[in-house]
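Novice: One file: input-v6.cif (mmCIF, C-alpha atoms and all ligand atoms).
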data_structure
loop_
_atom_site.label_atom_id
_atom_site.label_comp_id
_atom_site.auth_asym_id
_atom_site.auth_seq_id
_atom_site.Cartn_x
_atom_site.Cartn_y
_atom_site.Cartn_z
CA MET A 1 58.46 49.16 16.59
CA SER A 2 54.93 49.66 17.88
CA LEU A 3 52.19 51.59 16.08
CA ALA A 4 52.29 54.26 18.79
CA GLU A 5 55.92 55.01 17.88
CA VAL A 6 55.01 55.99 14.32
CA ILE A 7 54.86 59.77 14.12
CA GLY A 8 52.65 61.95 11.99
CA GLN A 9 50.50 59.18 10.48
CA ASP A 10 47.62 59.11 12.97
CA ARG A 11 45.01 58.51 10.27
CA ALA A 12 46.77 55.44 8.85
CA ILE A 13 47.57 53.86 12.22
CA ALA A 14 44.02 54.49 13.45
CA GLN A 15 42.68 52.84 10.29
CA VAL A 16 44.71 49.62 10.61
CA SER A 17 44.25 49.39 14.35
CA ARG A 18 40.46 49.80 13.96
CA MET A 19 40.30 47.12 11.24
CA TRP A 20 42.21 44.75 13.50
CA ARG A 21 40.00 45.44 16.53
CA ASN A 22 36.81 44.90 14.50
CA GLY A 23 38.15 41.68 13.03
CA ARG A 24 38.04 43.22 9.55
CA LEU A 25 41.73 43.32 8.74
CA GLY A 26 42.20 41.95 5.24
CA HIS A 27 44.86 39.38 4.43
CA CYS A 28 46.51 41.71 1.99
CA LEU A 29 47.15 45.39 2.59
CA ILE A 30 48.78 47.96 0.34
CA PHE A 31 50.51 50.76 2.23
CA HIS A 32 51.00 53.50 -0.32
CA GLY A 33 52.27 57.06 -0.19
CA PRO A 34 55.50 59.06 -0.61
CA ASP A 35 58.86 57.57 0.39
CA GLY A 36 60.09 58.30 3.88
CA VAL A 37 56.83 59.14 5.64
CA GLY A 38 56.52 56.03 7.82
CA LYS A 39 54.92 53.29 5.69
CA SER A 40 57.52 50.62 6.53
CA LEU A 41 57.52 51.57 10.21
CA THR A 42 53.74 51.27 10.33
CA ALA A 43 53.96 47.88 8.61
CA ARG A 44 56.31 46.72 11.36
CA GLY A 45 53.99 48.19 13.99
CA LEU A 46 51.05 46.29 12.56
CA ALA A 47 53.12 43.10 12.39
CA GLN A 48 53.93 43.54 16.07
CA LEU A 49 50.23 43.95 16.89
CA LEU A 50 49.40 40.78 14.93
CA LEU A 51 52.14 38.74 16.60
CA CYS A 52 51.93 40.17 20.14
CA GLY A 53 50.91 37.86 22.99
CA ARG A 54 48.91 40.52 24.84
CA PRO A 55 47.89 43.48 22.67
CA GLU A 56 46.72 46.52 24.56
CA THR A 57 44.92 49.80 24.03
CA VAL A 58 47.12 52.90 24.14
CA GLU A 59 46.55 56.62 23.65
CA VAL A 60 48.56 58.45 21.00
CA GLY A 61 49.06 62.01 19.83
CA SER A 62 47.86 65.28 21.30
CA ALA A 63 44.25 64.20 20.61
CA ARG A 64 44.84 61.15 22.85
CA MET A 65 43.43 58.88 20.20
CA LYS A 66 42.94 55.29 21.38
CA ILE A 67 44.51 52.56 19.28
CA SER A 68 45.23 48.85 19.70
CA ASP A 69 48.94 48.14 19.77
CA GLY A 70 51.54 45.50 20.57
CA CYS A 71 52.49 45.51 24.27
CA GLY A 72 56.18 46.02 23.53
CA VAL A 73 57.35 43.73 26.34
CA CYS A 74 56.22 40.18 25.55
CA ASP A 75 58.62 37.73 23.88
CA ASP A 76 56.97 38.21 20.48
CA CYS A 77 57.16 42.01 20.63
CA ARG A 78 60.81 41.83 21.61
CA MET A 79 61.58 39.49 18.75
CA VAL A 80 59.82 41.82 16.31
CA THR A 81 61.87 44.75 17.62
CA ARG A 82 65.10 42.78 17.35
CA GLY A 83 64.20 41.66 13.84
CA SER A 84 64.36 37.99 14.82
CA HIS A 85 60.70 36.93 14.91
CA PRO A 86 60.36 33.66 12.95
CA ASP A 87 56.86 34.59 11.74
CA LEU A 88 57.77 38.04 10.43
CA HIS A 89 59.19 38.00 6.92
CA ILE A 90 60.64 41.19 5.49
CA VAL A 91 60.90 40.81 1.73
CA THR A 92 63.35 43.15 0.02
CA ARG A 93 65.05 43.04 -3.35
CA ASP A 94 68.35 42.21 -1.59
CA LEU A 95 66.95 38.71 -1.23
CA SER A 96 67.33 38.23 -4.99
CA ARG A 97 70.97 37.38 -4.25
CA HIS A 98 69.72 34.04 -2.94
CA THR A 99 67.67 33.21 -6.04
CA GLU A 100 68.71 31.58 -9.30
CA GLU A 101 68.18 34.82 -11.25
CA GLY A 102 70.09 36.87 -8.69
CA LYS A 103 73.11 34.56 -8.74
CA LYS A 104 73.58 35.25 -12.43
CA ALA A 105 73.18 39.02 -12.46
CA THR A 106 72.48 42.02 -10.30
CA VAL A 107 68.73 42.31 -10.12
CA LYS A 108 67.16 45.75 -9.89
CA ASP A 109 63.57 44.62 -9.57
CA LEU A 110 61.87 42.22 -7.22
CA PRO A 111 61.86 39.06 -9.35
CA ILE A 112 59.49 36.12 -9.27
CA GLY A 113 62.16 33.99 -7.58
CA VAL A 114 62.06 36.16 -4.47
CA ILE A 115 58.25 36.07 -4.32
CA ARG A 116 58.23 32.29 -4.87
CA ASP A 117 60.96 31.42 -2.35
CA PHE A 118 60.34 34.07 0.30
CA VAL A 119 56.57 34.61 0.18
CA ILE A 120 54.56 31.90 -1.55
CA GLU A 121 56.43 28.93 -0.11
CA PRO A 122 56.68 30.05 3.54
CA ALA A 123 53.07 31.32 3.38
CA GLY A 124 52.06 27.66 3.20
CA TRP A 125 53.75 26.81 6.50
CA SER A 126 51.86 27.25 9.75
CA PRO A 127 53.12 29.97 12.08
CA GLN A 128 56.08 28.82 14.17
CA ARG A 129 54.88 30.63 17.27
CA GLY A 130 51.22 30.00 16.58
CA ARG A 131 49.58 33.37 16.09
CA ALA A 132 50.12 34.62 12.57
CA ARG A 133 52.59 34.86 9.76
CA VAL A 134 53.29 38.35 8.42
CA PHE A 135 55.02 39.25 5.17
CA ILE A 136 56.13 42.79 4.46
CA ILE A 137 57.09 43.37 0.82
CA GLU A 138 59.23 46.49 0.61
CA GLU A 139 59.34 48.56 -2.61
CA GLY A 140 56.35 46.67 -3.99
CA GLU A 141 56.54 48.71 -7.20
CA ARG A 142 59.65 46.72 -8.09
CA MET A 143 57.66 43.50 -8.45
CA ASN A 144 57.49 42.73 -12.13
CA ARG A 145 54.42 41.30 -13.81
CA ALA A 146 55.48 37.69 -13.39
CA ALA A 147 56.17 38.22 -9.69
CA GLN A 148 52.79 39.86 -9.18
CA ASN A 149 50.99 37.12 -11.07
CA ALA A 150 52.69 34.51 -8.90
CA LEU A 151 51.59 36.42 -5.82
CA LEU A 152 47.98 36.43 -6.98
CA LYS A 153 47.47 32.76 -6.16
CA THR A 154 48.37 33.44 -2.54
CA LEU A 155 46.05 36.43 -2.51
CA GLU A 156 43.15 34.43 -3.88
CA GLU A 157 43.33 31.74 -1.24
CA PRO A 158 45.25 33.25 1.65
CA PRO A 159 46.19 30.67 4.30
CA ALA A 160 44.54 31.38 7.64
CA ASN A 161 46.37 33.93 9.80
CA THR A 162 48.66 34.94 6.98
CA TYR A 163 49.01 38.65 6.33
CA LEU A 164 50.73 40.36 3.47
CA ILE A 165 51.63 44.04 3.54
CA ILE A 166 52.84 45.54 0.26
CA VAL A 167 54.68 48.81 0.85
CA THR A 168 54.94 51.06 -2.18
CA SER A 169 55.34 54.65 -3.33
CA GLN A 170 53.81 53.81 -6.71
CA PRO A 171 50.58 51.82 -6.25
CA GLY A 172 49.79 52.41 -9.95
CA THR A 173 52.48 49.89 -10.90
CA LEU A 174 50.59 47.10 -9.14
CA LEU A 175 48.31 44.99 -11.32
CA ALA A 176 44.60 45.80 -11.05
CA THR A 177 44.03 42.18 -10.02
CA VAL A 178 46.46 42.61 -7.09
CA ARG A 179 44.89 45.92 -6.05
CA SER A 180 41.35 44.56 -6.18
CA ARG A 181 42.26 41.78 -3.75
CA SER A 182 43.92 44.13 -1.29
CA HIS A 183 42.93 46.81 1.14
CA ALA A 184 44.67 50.13 0.49
CA VAL A 185 45.95 52.33 3.29
CA ARG A 186 47.08 55.78 2.20
CA PHE A 187 49.97 57.62 3.82
CA ALA A 188 50.23 61.38 3.40
CA TYR A 189 53.13 63.82 3.28
CA LEU A 190 53.99 65.22 6.68
CA PRO A 191 53.70 69.01 7.04
CA GLU A 192 57.11 70.69 6.62
CA VAL A 193 56.73 72.41 9.95
CA PHE A 194 56.13 69.04 11.61
CA VAL A 195 59.32 67.63 10.07
CA ARG A 196 61.22 70.76 11.15
CA ASP A 197 60.04 70.37 14.77
CA LYS A 198 61.03 66.69 14.80
CA LEU A 199 64.51 67.57 13.51
CA GLN A 200 64.90 70.23 16.19
CA GLU A 201 63.81 67.70 18.81
CA ALA A 202 66.56 65.45 17.44
CA GLY A 203 69.04 68.21 18.30
CA LEU A 204 69.48 70.11 15.03
CA SER A 205 69.86 73.89 15.02
CA PRO A 206 66.76 75.83 13.84
CA ALA A 207 68.47 76.86 10.56
CA GLU A 208 69.60 73.31 9.79
CA ALA A 209 66.21 71.83 10.71
CA ALA A 210 64.45 74.40 8.52
CA TYR A 211 66.72 73.59 5.58
CA TRP A 212 66.42 69.79 5.68
CA SER A 213 62.66 69.92 6.17
CA GLN A 214 62.33 72.18 3.11
CA PHE A 215 64.76 69.94 1.22
CA SER A 216 62.76 66.80 1.96
CA GLY A 217 59.36 68.36 1.28
CA GLY A 218 57.64 66.77 4.27
CA ARG A 219 59.32 63.40 4.24
CA LEU A 220 60.82 62.74 7.63
CA GLY A 221 62.85 59.70 6.57
CA PRO A 222 64.94 61.49 3.92
CA ALA A 223 65.22 64.59 6.13
CA LEU A 224 66.66 62.51 8.98
CA ALA A 225 68.94 60.62 6.58
CA MET A 226 70.37 63.88 5.25
CA ALA A 227 70.69 65.33 8.75
CA ARG A 228 72.61 62.20 9.77
CA THR A 229 75.16 62.74 7.00
CA GLY A 230 76.25 65.81 8.97
CA TRP A 231 76.32 67.59 5.65
CA TYR A 232 74.78 70.90 6.58
CA GLU A 233 78.15 72.68 6.33
CA VAL A 234 78.94 70.88 3.06
CA LYS A 235 75.60 72.12 1.73
CA ARG A 236 76.40 75.71 2.80
CA GLU A 237 79.80 75.58 1.12
CA LEU A 238 78.30 74.09 -2.06
CA VAL A 239 75.71 76.88 -2.31
CA LYS A 240 78.48 79.47 -1.78
CA GLN A 241 80.60 77.92 -4.51
CA LEU A 242 77.66 77.71 -6.93
CA ALA A 243 76.82 81.36 -6.27
CA GLY A 244 80.40 82.33 -7.18
CA LEU A 245 80.79 79.89 -10.06
CA SER A 246 82.96 81.08 -12.99
CA TYR A 247 85.20 79.55 -15.64
CA ALA A 248 88.12 80.18 -13.28
CA THR A 249 86.52 78.19 -10.42
CA ALA A 250 84.40 75.53 -12.15
CA LEU A 251 87.01 72.78 -12.12
CA THR A 252 88.02 73.49 -8.52
CA THR A 253 84.37 73.22 -7.49
CA ALA A 254 84.02 69.92 -9.38
CA GLN A 255 87.13 68.62 -7.61
CA TRP A 256 85.84 69.81 -4.25
CA CYS A 257 82.59 67.89 -4.84
CA MET A 258 84.57 64.72 -5.57
CA GLU A 259 86.60 65.14 -2.39
CA GLN A 260 83.47 65.58 -0.26
CA ALA A 261 81.92 62.44 -1.74
CA LYS A 262 85.13 60.49 -1.14
CA THR A 263 85.46 61.65 2.46
CA TYR A 264 81.84 60.68 3.01
CA GLY A 265 82.42 57.25 1.43
CA GLN A 266 85.43 56.53 3.64
CA ALA A 267 83.63 57.61 6.81
CA GLN A 268 80.61 55.46 5.96
CA GLU A 269 82.75 52.43 5.22
CA LYS A 270 84.30 52.65 8.68
CA GLN A 271 80.87 52.80 10.30
CA GLN A 272 79.17 50.03 8.37
CA ASN A 273 81.24 47.56 6.47
CA GLU A 274 78.58 45.75 4.44
CA GLU A 275 79.22 47.95 1.45
CA SER A 276 82.42 49.18 -0.12
CA ALA A 277 83.78 52.71 0.16
CA ALA A 278 83.20 53.08 -3.58
CA SER A 279 79.46 52.51 -3.30
CA HIS A 280 79.23 54.95 -0.37
CA THR A 281 81.23 57.48 -2.40
CA ARG A 282 78.70 57.04 -5.18
CA MET A 283 75.98 57.77 -2.61
CA GLY A 284 77.88 60.91 -1.58
CA GLN A 285 77.98 62.02 -5.21
CA GLU A 286 74.24 61.45 -5.45
CA TYR A 287 73.70 63.57 -2.31
CA LEU A 288 75.80 66.41 -3.77
CA LEU A 289 73.78 66.34 -6.97
CA ALA A 290 70.56 66.35 -4.96
CA LEU A 291 71.79 69.39 -3.01
CA ALA A 292 72.83 71.17 -6.21
CA GLU A 293 69.45 70.44 -7.79
CA GLU A 294 67.70 71.78 -4.69
CA THR A 295 69.84 74.94 -4.87
CA TYR A 296 68.75 75.72 -8.42
CA ARG A 297 65.16 74.67 -7.70
CA LEU A 298 65.01 77.16 -4.85
CA ALA A 299 66.70 79.82 -7.00
CA LEU A 300 64.09 79.18 -9.70
CA ARG A 301 61.19 79.45 -7.27
CA GLY A 302 62.67 82.65 -5.91
CA ALA A 303 63.23 84.06 -9.41
CA VAL A 304 59.57 83.61 -10.35
CA GLY A 305 58.41 84.98 -7.02
CA LEU A 306 56.98 81.74 -5.64
CA ASP A 307 58.69 81.27 -2.31
CA THR A 308 62.08 81.90 -0.86
CA ALA A 309 64.79 79.70 0.51
CA VAL A 310 64.73 79.36 4.29
CA ASP A 311 68.53 79.23 4.46
CA GLN A 312 71.31 81.17 2.65
CA THR A 313 68.60 83.40 1.20
CA GLN A 314 71.13 85.89 -0.21
CA ALA A 315 73.30 83.36 -2.02
CA ILE A 316 70.26 81.62 -3.51
CA GLY A 317 68.89 85.01 -4.56
CA ALA A 318 72.22 85.82 -6.23
CA ILE A 319 72.08 82.57 -8.25
CA GLY A 320 68.52 83.41 -9.33
CA GLY A 321 69.70 86.90 -10.34
CA GLN A 322 72.65 85.60 -12.38
CA LEU A 323 70.79 82.84 -14.21
CA GLY A 324 67.27 84.16 -14.40
CA ALA A 325 64.29 81.81 -14.15
CA GLN A 326 65.03 80.11 -17.47
CA GLY A 327 68.69 79.57 -16.65
CA CYS A 328 67.76 78.10 -13.25
CA GLY A 329 65.31 75.78 -14.97
CA ARG A 330 68.03 74.61 -17.35
CA ALA A 331 70.40 74.08 -14.42
CA VAL A 332 67.78 71.90 -12.68
CA GLN A 333 67.39 69.87 -15.88
CA ALA A 334 71.16 69.47 -16.28
CA THR A 335 71.46 68.25 -12.69
CA ARG A 336 68.71 65.69 -13.23
CA GLN A 337 70.52 64.51 -16.33
CA ALA A 338 73.69 64.11 -14.27
CA ARG A 339 71.81 62.16 -11.61
CA GLY A 340 70.49 59.85 -14.31
CA ARG A 341 73.99 59.27 -15.64
CA LEU A 342 75.33 58.50 -12.18
CA GLU A 343 73.21 55.34 -12.17
CA TYR A 344 75.20 54.07 -15.14
CA ASN A 345 78.54 54.08 -13.34
CA VAL A 346 80.00 57.00 -15.25
CA ASN A 347 83.29 58.58 -14.17
CA GLY A 348 82.30 60.86 -11.28
CA ALA A 349 85.07 63.41 -11.78
CA LEU A 350 84.17 63.92 -15.43
CA LEU A 351 80.48 64.11 -14.57
CA PHE A 352 80.98 66.91 -12.04
CA GLU A 353 83.27 68.82 -14.42
CA TRP A 354 80.68 68.50 -17.18
CA LEU A 355 77.96 69.71 -14.83
CA MET A 356 79.82 72.78 -13.56
CA LEU A 357 80.60 73.88 -17.12
CA LYS A 358 76.98 73.20 -18.06
CA TYR A 359 75.81 75.51 -15.25
CA LEU A 360 77.93 78.30 -16.76
CA VAL A 361 76.35 77.74 -20.17
CA CYS A 362 72.91 77.83 -18.51
CA ALA A 363 73.74 81.28 -17.24
CA ARG A 364 74.77 82.59 -20.66
CA ALA A 365 72.21 80.94 -22.95
ZN ZN B 1 53.59 42.09 22.97
#
Starting from the file, lay out its structure as structure tokens.
Ligand SMILES: [Zn+2]
Specialist:
Amino acid sequence: MSLAEVIGQDRAIAQVSRMWRNGRLGHCLIFHGPDGVGKSLTARGLAQLLLCGRPETVEVGSARMKISDGCGVCDDCRMVTRGSHPDLHIVTRDLSRHTEEGKKATVKDLPIGVIRDFVIEPAGWSPQRGRARVFIIEEGERMNRAAQNALLKTLEEPPANTYLIIVTSQPGTLLATVRSRSHAVRFAYLPEVFVRDKLQEAGLSPAEAAYWSQFSGGRLGPALAMARTGWYEVKRELVKQLAGLSYATALTTAQWCMEQAKTYGQAQEKQQNEESAASHTRMGQEYLLALAEETYRLALRGAVGLDTAVDQTQAIGAIGGQLGAQGCGRAVQATRQARGRLEYNVNGALLFEWLMLKYLVCARA
């Protein structure tokens, strides 16, 4: 992944490339901004530039902006692309499985053990291929206080040619002492129309591209992820069923949701076998809830005259008409509540039944 391949973040890639060229790149950078707009990709692009054997100047974007970038063809660049460069360390919370804490329990945050074993210790080694050692900490907001305090020592006396990139959507959760020793690079939302064009370039129909770009609110990553589920038709059917929801159909709709999630889980398990069908099914349930929430959110916005849905305008309008703005608001709240419960391993079938009946109460209250 080179910097030039990152789309829609010209300002951020120009900033890091300029700092590198002027020899002013700090040892610790914080890449912050919304999820799914290219922070991690840019971090990999910068790592490639730092590790590349013959960096070059390339032109990017319609403005033909000049940036420094990895060459993409040397051994180091290839290793970065393949994910096998010995001097590039990607630190994720999955690594907690290899720590003492992680062996005992499932860890949701990024514990001190991971920072100690996978950042602080290897940061003391000299680069295996000589140029630099780069650490990318994903989901930096998950580092607890102890982990951040441990990291501080490395930040205070960074070994030569060691670079640390903390990627986060919530920079406010980082300790002031960590922030003050780092250089912040801000990533912005991508314009919806930009995301829509990218989805169309990826082969989606105009209606589908318009829907997912509105759904993701200018975050290309989530928009692409949803587009890849192939769930546009599922979304259309869900909206139809919600528009026609009644006491006679509520349980059938709940059951239909469960079947969609299950089908999704089984298909995903066949494609990638690291995780079980059950956890993919759970993901499918989460997607359905996200789509339902979006449906009522759009109905609410329509009901108060803000903006209209770009897809299934009539059905969304009908939901807004049946529930009114207040009812739509309550339906959004109920869906969020359901999404919260999903994290606690509740029975999915019961959850969807509860939610459908709740939607009907929202309409009457
Ligand atoms: Zn190269």
Novice: For A:Arg330, find every residue with an atom within 9 Å (counting all atoms listed in the file), except residues of its own chain fewer than 3 positions away, and show them as a ChimeraX atom specification.
Specialist: /A:325-327,333-335,359,362-363
Novice: Distance limit 7 Å, reference ligand ZN 1 (chain B), atoms considered: only C-alpha atoms and all ligand atoms. Which residues make the cut? Give them as a PyMOL selection string.
Specialist: chain A and resi 52-55+70-77
Novice: For the residues in the current selection, export C-alpha atoms as an mmCIF file, in the frame of the given file.
Specialist:
data_model
loop_
_atom_site.group_PDB
_atom_site.id
_atom_site.type_symbol
_atom_site.label_atom_id
_atom_site.label_comp_id
_atom_site.auth_asym_id
_atom_site.auth_seq_id
_atom_site.Cartn_x
_atom_site.Cartn_y
_atom_site.Cartn_z
ATOM 1 C CA CYS A 52 51.930 40.170 20.140
ATOM 2 C CA GLY A 53 50.910 37.860 22.990
ATOM 3 C CA ARG A 54 48.910 40.520 24.840
ATOM 4 C CA PRO A 55 47.890 43.480 22.670
ATOM 5 C CA GLY A 70 51.540 45.500 20.570
ATOM 6 C CA CYS A 71 52.490 45.510 24.270
ATOM 7 C CA GLY A 72 56.180 46.020 23.530
ATOM 8 C CA VAL A 73 57.350 43.730 26.340
ATOM 9 C CA CYS A 74 56.220 40.180 25.550
ATOM 10 C CA ASP A 75 58.620 37.730 23.880
ATOM 11 C CA ASP A 76 56.970 38.210 20.480
ATOM 12 C CA CYS A 77 57.160 42.010 20.630
#
Novice: How many Å separate atom CA of A:Gly244 from atom CA of A:Gln337?
Specialist: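 Between atom CA of A:Gly244 and atom CA of A:Gln337 the gap works out to 22.3 Å.
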Novice: For A:Ala147, which residue among A:Leu199, A:Ile112, A:Val361, A:Ala349 is the nearest when counting all atoms listed in the file?
Specialist: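 Of A:Leu199, A:Ile112, A:Val361, A:Ala349, the one nearest A:Ala147, counting all atoms listed in the file, is A:Ile112.
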Novice: Between A:Cys257, A:Met283, A:Ala227, A:Leu175, single out the one closest to A:Glu269, counting all atoms listed in the file.
Specialist: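 Comparing A:Cys257, A:Met283, A:Ala227, A:Leu175 against A:Glu269, the winner is A:Met283.
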Novice: Given the choices A:Ile30, A:Val60, A:Ala309, A:Leu238, which gets closest to A:Thr173 if the distance is worked out from only C-alpha atoms?
Specialist: A:Ile30
Novice: Contacts of A:Phe215 at 12 Å or less, counting all atoms listed in the file, minus same-chain residues fewer than 2 places along, as a PyMOL selection string?
Specialist: chain A and resi 192+195-196+208-213+217-227+232+235+287+290-298+309-311
Novice: Which is closest to A:Glu121 among A:Arg24, A:Arg186, A:Arg82, A:Lys153, if we use all atoms listed in the file?
Specialist: A:Lys153
